[in-house]
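Visitor: Here it is, the structure, as structure tokens.
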Amino acid sequence: MQALRLDGWLPIRVWQEAGEWRVDWCWFGDRRLSQPFFGDAVEEALRVPFNLVFRRQTPLDVLGQWQRQSPGLAPSAFIFHASRCGSTLISQMLAQLDDHIVISEPPPLDALLRSDLPPAGRRVALKGLVSAYGQRRRGGEQRLVIKLDAWNIGELALLRECFPDTPRLFLYRDPLEIAVSHLRRPGMHMVPGLIGASVLDDELPFVSQEDFISRRVGRLLATGLEHCQAFAAMAVDYTELPEAMTGRLAAFFRLDDEQRRRVFAKVGQHAKQPAQAFTGDSEDKRREASALLHERVRCYAQAPYEALRSL
């Protein structure tokens with residue numbers, strides 16, 4: 001078999017066409033992935049003149065071939081979260097470290113996790129994809145941290161099956177504050193039908209945006225609770241951030257004293273909008289919540305939140 005030449009290339013899209021799964025690759029070279037989301041890094045890379053002219057598309061099985069030829073770093077941590085609860089802050093703090101590769105919410109991973117591929121083929125593809133993200137493109141990388149999309153909490157068991165030795169973190173927050181954030185600016189998973197089938201779905205009709213969002217937040221928290229209990233994922237409350245990065249989160253990510261100091265270089269910035277200063281908004285969100293939202297959150301989301309806190 002001819003040797004692959006994919007050094008410096010990363011998968012940016014996985015899709016099905018005419019019954020065949022394909023992978024779209026983009027040239028990153030030794031470019032650091034320091035943006036808040038993998039999609040931001042892809043947009044920037046696609047503006048490089050080389051990528052305007054040269055693109056690579058391969059069959060899905062190339063992921064497994066590339067892993068066998070050039071094994072990447074095994075993932076050192078998976079970050080799951082209930083959305084709008086500090087996961088981007090954590091990933092941006094870790095991205096300050098030269099020996100870390102941080103992949104934040106890569107669409108190809110979500111596509112494979114929720115695909116209809118046969119189980120064995122999906123596991124091979126997932127391992128190959130993660131290996132491709134774990135390539136040492138700069139030479140000194142030692143750890144690979146992957147932050148999942150919020151709804152991927154439903155696929156935690158599958159990732160545990162593929163990567164049984166990788167520790168898992170679940171970040172959560174007061175559900176009223178999460179719900180207000182999504183009422184202000186809904187995430188993809190808070191828009192009916194936008195992300196397709198996921199663990200967040202239920203069969204109940206919804207009568208308002210407050211009702212729909214509160215139920216989805218409740219499903220996120222309940223599923224996170226279930227997996228923390230079943231698979232020993234570490235549960236971390238938003239209120240513990242960022243100080244936990246000097247304590248139990250530092251131990252979770254295996255940071256030494258110098259790394260603990262360096263990760264705090266980003267704390268003064270807004271995680272999703274680095275050009276802006278970060279300011280806490282919990283009290284503002286609670287004041288903004290309507291009586292209807294309070295009632296719906298109490299009904300659908302408060303119990304799993306309190307159970308997570310009790311862990």
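As shown in the structure tokens, the chain order sets the letters A, B, ...; within each chain, residues go from 1, and ligands are also counted from 1 in the order they appear.
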To test your reading of the structure, identify every residue in segment 182-272 of chain A that backbone DSSP assigns to alpha helix (DSSP H), and report it as a PyMOL selection string.

Guide: chain A and resi 182-184+209-231+248-252+257-263

Visitor: Any chance you can output those residues with C-alpha atoms as a short mmCIF file (atom, residue, chain, number, x, y, z; two decimals), in the first residue's frame?

Guide:
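See result-v9.cif below for the written result:
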```cif
data_model
loop_
_atom_site.label_atom_id
_atom_site.label_comp_id
_atom_site.auth_asym_id
_atom_site.auth_seq_id
_atom_site.Cartn_x
_atom_site.Cartn_y
_atom_site.Cartn_z
CA HIS A 182 -29.85 30.58 25.27
CA LEU A 183 -32.91 32.82 25.30
CA ARG A 184 -30.60 35.74 24.56
CA GLN A 209 -39.24 28.97 23.90
CA GLU A 210 -38.89 28.98 27.68
CA ASP A 211 -40.49 25.55 27.82
CA PHE A 212 -38.33 24.06 25.03
CA ILE A 213 -35.03 25.44 26.29
CA SER A 214 -35.69 24.46 29.91
CA ARG A 215 -36.41 20.89 28.87
CA ARG A 216 -33.27 20.69 26.76
CA VAL A 217 -31.15 22.07 29.60
CA GLY A 218 -32.75 19.53 31.92
CA ARG A 219 -31.88 16.71 29.52
CA LEU A 220 -28.28 17.91 29.33
CA LEU A 221 -27.92 18.00 33.10
CA ALA A 222 -29.73 14.68 33.64
CA THR A 223 -27.61 12.89 31.05
CA GLY A 224 -24.45 14.43 32.48
CA LEU A 225 -25.46 13.27 35.95
CA GLU A 226 -26.15 9.77 34.66
CA HIS A 227 -22.74 9.48 33.03
CA CYS A 228 -20.88 11.00 35.98
CA GLN A 229 -22.44 8.35 38.18
CA ALA A 230 -22.00 5.46 35.73
CA PHE A 231 -18.58 6.24 34.28
CA ARG A 248 -8.57 19.73 41.27
CA LEU A 249 -8.77 20.67 37.59
CA ALA A 250 -5.02 21.18 37.54
CA ALA A 251 -4.68 17.67 38.90
CA PHE A 252 -7.22 16.37 36.37
CA ASP A 257 3.25 24.59 38.73
CA GLU A 258 4.53 26.53 35.71
CA GLN A 259 1.59 25.39 33.57
CA ARG A 260 -0.86 26.39 36.30
CA ARG A 261 0.62 29.88 36.17
CA ARG A 262 0.55 30.14 32.37
CA VAL A 263 -3.06 29.04 31.89
#
```

Visitor: So, with only C-alpha atoms as the atoms that count, which of A:Asp201, A:Cys299, A:Val180, A:Gln69 lies closest to Arg287 of chain A?

Guide: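 Of A:Asp201, A:Cys299, A:Val180, A:Gln69, the one nearest Arg287 of chain A is A:Val180, counting only C-alpha atoms.
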
Visitor: Each residue of segment 159-254 of chain A with at least one atom at most 7 Å from segment 81-90 of chain A should appear once, together with its nearest atom pair and the corresponding distance in Å (one decimal); atoms considered: only C-alpha atoms; ordering: chain, then increasing residue number; output as CSV.

Guide:
```
residue,atom,partner,partner_atom,distance
A:Phe170,CA,A:His81,CA,5.0
A:Leu171,CA,A:His81,CA,4.5
A:Tyr172,CA,A:Ala82,CA,5.2
A:Arg173,CA,A:Cys85,CA,5.4
A:Ile178,CA,A:Arg84,CA,5.9
A:Leu220,CA,A:Ala82,CA,5.6
A:Leu221,CA,A:Ala82,CA,6.3
A:Tyr238,CA,A:Cys85,CA,5.5
```

Visitor: Kindly indicate which residue among A:Leu112, A:Leu255, A:Ile101, A:Ile195 lies nearest to Tyr133 of chain A, using only C-alpha atoms for the distances.

Guide: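 Ranking A:Leu112, A:Leu255, A:Ile101, A:Ile195 by distance to Tyr133 of chain A, first place goes to A:Ile101.
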
Visitor: Env of Arg160 of chain A: 12 Å cut, atoms = only C-alpha atoms, seq-sep filter 4 positions within chain, self excluded. Answer as a VMD selection string.

Guide: chain A and resid 75 77 to 78 113 123 126 to 127 153 to 156 164 to 168 227 230 to 233

Visitor: Write a file of the just-selected residues containing N, CA and C atoms, as a compact mmCIF listing (two decimals), in the first residue's frame.

Guide:
```txt
# COMPACT_ATOMS: atom_id res chain seq x y z
N PRO A 75 -5.88 10.76 23.30
CA PRO A 75 -6.49 11.88 24.03
C PRO A 75 -6.21 11.77 25.53
N ALA A 77 -7.75 13.98 27.72
CA ALA A 77 -8.97 14.38 28.43
C ALA A 77 -10.06 14.70 27.42
N PHE A 78 -11.30 14.38 27.79
CA PHE A 78 -12.48 14.82 27.06
C PHE A 78 -13.25 15.79 27.95
N LEU A 113 -19.81 10.61 15.64
CA LEU A 113 -20.44 10.12 16.86
C LEU A 113 -21.92 9.84 16.65
N ARG A 123 -16.20 2.88 15.22
CA ARG A 123 -15.12 2.93 16.21
C ARG A 123 -13.77 3.13 15.52
N LEU A 126 -13.61 6.77 14.38
CA LEU A 126 -13.44 7.69 15.50
C LEU A 126 -11.99 7.68 16.01
N LYS A 127 -11.43 6.50 16.14
CA LYS A 127 -10.04 6.41 16.59
C LYS A 127 -9.10 7.04 15.57
N ILE A 153 -22.87 14.73 25.05
CA ILE A 153 -22.91 14.00 26.31
C ILE A 153 -23.63 12.67 26.11
N GLY A 154 -24.50 12.61 25.12
CA GLY A 154 -25.20 11.36 24.81
C GLY A 154 -24.30 10.29 24.24
N GLU A 155 -23.12 10.69 23.76
CA GLU A 155 -22.18 9.73 23.17
C GLU A 155 -20.97 9.46 24.08
N LEU A 156 -21.07 9.85 25.35
CA LEU A 156 -19.95 9.62 26.25
C LEU A 156 -19.61 8.14 26.35
N PRO A 164 -10.96 3.97 26.58
CA PRO A 164 -11.31 3.66 27.97
C PRO A 164 -10.40 4.31 29.01
N ASP A 165 -9.19 4.68 28.63
CA ASP A 165 -8.24 5.24 29.60
C ASP A 165 -8.27 6.77 29.67
N THR A 166 -9.11 7.39 28.86
CA THR A 166 -9.14 8.86 28.82
C THR A 166 -10.10 9.41 29.87
N PRO A 167 -9.64 10.25 30.79
CA PRO A 167 -10.54 10.83 31.80
C PRO A 167 -11.54 11.79 31.17
N ARG A 168 -12.69 11.92 31.82
CA ARG A 168 -13.79 12.71 31.28
C ARG A 168 -14.24 13.74 32.32
N HIS A 227 -24.06 9.95 33.45
CA HIS A 227 -22.74 9.48 33.03
C HIS A 227 -21.68 9.72 34.10
N ALA A 230 -22.27 6.77 36.32
CA ALA A 230 -22.00 5.46 35.73
C ALA A 230 -20.54 5.28 35.33
N PHE A 231 -19.91 6.37 34.87
CA PHE A 231 -18.58 6.24 34.28
C PHE A 231 -17.51 7.07 34.99
N ALA A 232 -17.82 7.56 36.16
CA ALA A 232 -16.84 8.28 36.98
C ALA A 232 -16.27 9.51 36.29
N ALA A 233 -17.10 10.21 35.52
CA ALA A 233 -16.66 11.50 34.98
C ALA A 233 -16.65 12.51 36.12
```

Visitor: Suppose you want the space between atom CA of Trp21 of chain A and atom CA of Leu200 of chain A; what is it in Å?

Guide: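 The value is 25.5 Å.
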
Visitor: Please list as an MDAnalysis selection string every residue within 12 Å of Arg122 of chain A, counting only C-alpha atoms and excluding residues in the same chain fewer than 2 positions away.

Guide: chainID A and resid 21 60:61 63:64 109:120 124:129 158:159 161:162

Visitor: Dump N, CA and C atoms for the selected residues as a compact mmCIF listing (two decimals), in the first residue's frame?

Guide:
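See part-v9.txt below for the written result:
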```txt
# COMPACT_ATOMS: atom_id res chain seq x y z
N TRP A 21 -18.92 7.43 2.69
CA TRP A 21 -18.44 8.44 3.63
C TRP A 21 -17.11 8.99 3.15
N LEU A 60 -13.37 7.49 3.85
CA LEU A 60 -13.32 7.48 5.31
C LEU A 60 -12.24 6.54 5.83
N ASP A 61 -11.98 5.43 5.14
CA ASP A 61 -11.02 4.47 5.67
C ASP A 61 -9.59 4.99 5.70
N LEU A 63 -8.72 7.49 7.34
CA LEU A 63 -8.46 7.84 8.74
C LEU A 63 -7.77 6.70 9.47
N GLY A 64 -8.26 5.49 9.28
CA GLY A 64 -7.62 4.34 9.91
C GLY A 64 -6.25 4.06 9.36
N LEU A 109 -16.08 15.23 14.37
CA LEU A 109 -16.25 14.31 15.49
C LEU A 109 -17.73 14.13 15.81
N ASP A 110 -18.48 15.21 15.84
CA ASP A 110 -19.92 15.11 16.07
C ASP A 110 -20.59 14.29 14.97
N ALA A 111 -20.16 14.51 13.72
CA ALA A 111 -20.76 13.78 12.59
C ALA A 111 -20.56 12.28 12.75
N LEU A 112 -19.37 11.85 13.15
CA LEU A 112 -19.11 10.42 13.31
C LEU A 112 -19.81 9.86 14.55
N LEU A 113 -19.81 10.61 15.64
CA LEU A 113 -20.44 10.12 16.86
C LEU A 113 -21.92 9.84 16.65
N ARG A 114 -22.58 10.65 15.84
CA ARG A 114 -24.03 10.49 15.65
C ARG A 114 -24.38 9.91 14.27
N SER A 115 -23.40 9.28 13.64
CA SER A 115 -23.62 8.70 12.32
C SER A 115 -24.34 7.36 12.42
N ASP A 116 -24.77 6.85 11.26
CA ASP A 116 -25.40 5.54 11.20
C ASP A 116 -24.43 4.47 10.71
N LEU A 117 -23.13 4.74 10.82
CA LEU A 117 -22.13 3.75 10.45
C LEU A 117 -22.27 2.49 11.30
N PRO A 118 -21.93 1.32 10.76
CA PRO A 118 -21.89 0.11 11.59
C PRO A 118 -20.97 0.32 12.79
N PRO A 119 -21.30 -0.25 13.94
CA PRO A 119 -20.52 0.03 15.17
C PRO A 119 -19.02 -0.16 15.02
N ALA A 120 -18.62 -1.28 14.41
CA ALA A 120 -17.17 -1.54 14.29
C ALA A 120 -16.51 -0.49 13.41
N VAL A 124 -13.54 2.44 14.42
CA VAL A 124 -12.28 2.62 13.69
C VAL A 124 -12.14 4.05 13.19
N ALA A 125 -13.24 4.59 12.64
CA ALA A 125 -13.20 5.96 12.11
C ALA A 125 -12.96 6.97 13.23
N LEU A 126 -13.61 6.77 14.38
CA LEU A 126 -13.44 7.69 15.50
C LEU A 126 -11.99 7.68 16.01
N LYS A 127 -11.43 6.50 16.14
CA LYS A 127 -10.04 6.41 16.59
C LYS A 127 -9.10 7.04 15.57
N GLY A 128 -9.38 6.85 14.28
CA GLY A 128 -8.54 7.45 13.25
C GLY A 128 -8.66 8.96 13.23
N LEU A 129 -9.87 9.47 13.43
CA LEU A 129 -10.08 10.92 13.45
C LEU A 129 -9.34 11.56 14.61
N LEU A 158 -19.95 5.82 24.13
CA LEU A 158 -19.25 5.39 22.91
C LEU A 158 -17.79 5.82 22.95
N LEU A 159 -17.52 7.06 23.35
CA LEU A 159 -16.14 7.52 23.44
C LEU A 159 -15.37 6.75 24.51
N GLU A 161 -15.89 3.68 25.24
CA GLU A 161 -15.60 2.39 24.63
C GLU A 161 -14.37 2.48 23.73
N CYS A 162 -14.24 3.59 22.98
CA CYS A 162 -13.09 3.76 22.09
C CYS A 162 -11.82 4.14 22.83
```

Visitor: Within segment 152-285 of chain A, find each residue whose DSSP state, derived from the backbone, is strand (DSSP E), and express the selection as a CSV table (one decimal) with N, CA and C atoms, in the first residue's frame.

Guide:
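Printed below is selection-v5.csv as written:
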```
chain,number,residue,atom,x,y,z
A,168,ARG,N,-12.7,11.9,31.8
A,168,ARG,CA,-13.8,12.7,31.3
A,168,ARG,C,-14.2,13.7,32.3
A,169,LEU,N,-14.5,14.9,31.8
A,169,LEU,CA,-14.9,16.0,32.7
A,169,LEU,C,-16.3,16.5,32.2
A,170,PHE,N,-17.2,16.8,33.1
A,170,PHE,CA,-18.5,17.4,32.8
A,170,PHE,C,-18.7,18.7,33.5
A,171,LEU,N,-18.8,19.8,32.8
A,171,LEU,CA,-19.0,21.1,33.4
A,171,LEU,C,-20.5,21.4,33.3
A,172,TYR,N,-21.0,22.0,34.4
A,172,TYR,CA,-22.4,22.4,34.5
A,172,TYR,C,-22.5,23.7,35.2
A,234,MET,N,-15.7,13.4,36.1
A,234,MET,CA,-15.6,14.5,37.1
A,234,MET,C,-16.6,15.6,36.8
A,235,ALA,N,-17.4,15.9,37.8
A,235,ALA,CA,-18.4,17.0,37.6
A,235,ALA,C,-17.9,18.3,38.3
A,236,VAL,N,-17.9,19.4,37.5
A,236,VAL,CA,-17.4,20.7,38.0
A,236,VAL,C,-18.4,21.7,37.7
A,237,ASP,N,-18.7,22.5,38.8
A,237,ASP,CA,-19.7,23.6,38.7
A,237,ASP,C,-19.0,24.8,38.2
```

Visitor: I'd like to know which of A:Glu240, A:Asp99, A:Ala301, A:Leu148 is closest to Ile79 of chain A, using only C-alpha atoms.

Guide: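 Looking at the shortest contact to Ile79 of chain A, the residue is A:Leu148.
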
Visitor: In terms of the shortest atom-to-atom distance over only C-alpha atoms, which of A:Glu17, A:Asp24, A:Asp174, A:Asp98 is closest to Leu308 of chain A?

Guide: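 Ranking A:Glu17, A:Asp24, A:Asp174, A:Asp98 by distance to Leu308 of chain A, first place goes to A:Asp174.
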
Visitor: Contacts between segment 27-30 of chain A and segment 69-181 of chain A, please, where a residue of segment 69-181 of chain A counts if it comes within 10 Å (with only C-alpha atoms); show its shortest atom pair and distance in Å to one decimal, rows by chain and ascending number, as JSON lines.

Guide:
```
{"residue": "A:Arg136", "atom": "CA", "partner": "A:Asp30", "partner_atom": "CA", "distance": 8.6}
{"residue": "A:Arg137", "atom": "CA", "partner": "A:Asp30", "partner_atom": "CA", "distance": 5.0}
{"residue": "A:Arg138", "atom": "CA", "partner": "A:Asp30", "partner_atom": "CA", "distance": 5.1}
{"residue": "A:Gly139", "atom": "CA", "partner": "A:Asp30", "partner_atom": "CA", "distance": 8.7}
```

Visitor: Next, dump the selected residues to file, keeping only C-alpha atoms, as an mmCIF file, in the first residue's frame.

Guide:
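Produced file selection_30.cif, reproduced below:
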```cif
data_model
loop_
_atom_site.group_PDB
_atom_site.id
_atom_site.type_symbol
_atom_site.label_atom_id
_atom_site.label_comp_id
_atom_site.auth_asym_id
_atom_site.auth_seq_id
_atom_site.Cartn_x
_atom_site.Cartn_y
_atom_site.Cartn_z
ATOM 1 C CA ARG A 136 2.545 16.403 16.471
ATOM 2 C CA ARG A 137 2.607 19.177 13.874
ATOM 3 C CA ARG A 138 4.939 21.451 15.873
ATOM 4 C CA GLY A 139 7.141 18.786 17.402
#
```

Visitor: Please report the interatomic distance between atom CA of Ala132 of chain A and atom CA of Pro11 of chain A in Å with one decimal.

Guide: 7.3 Å
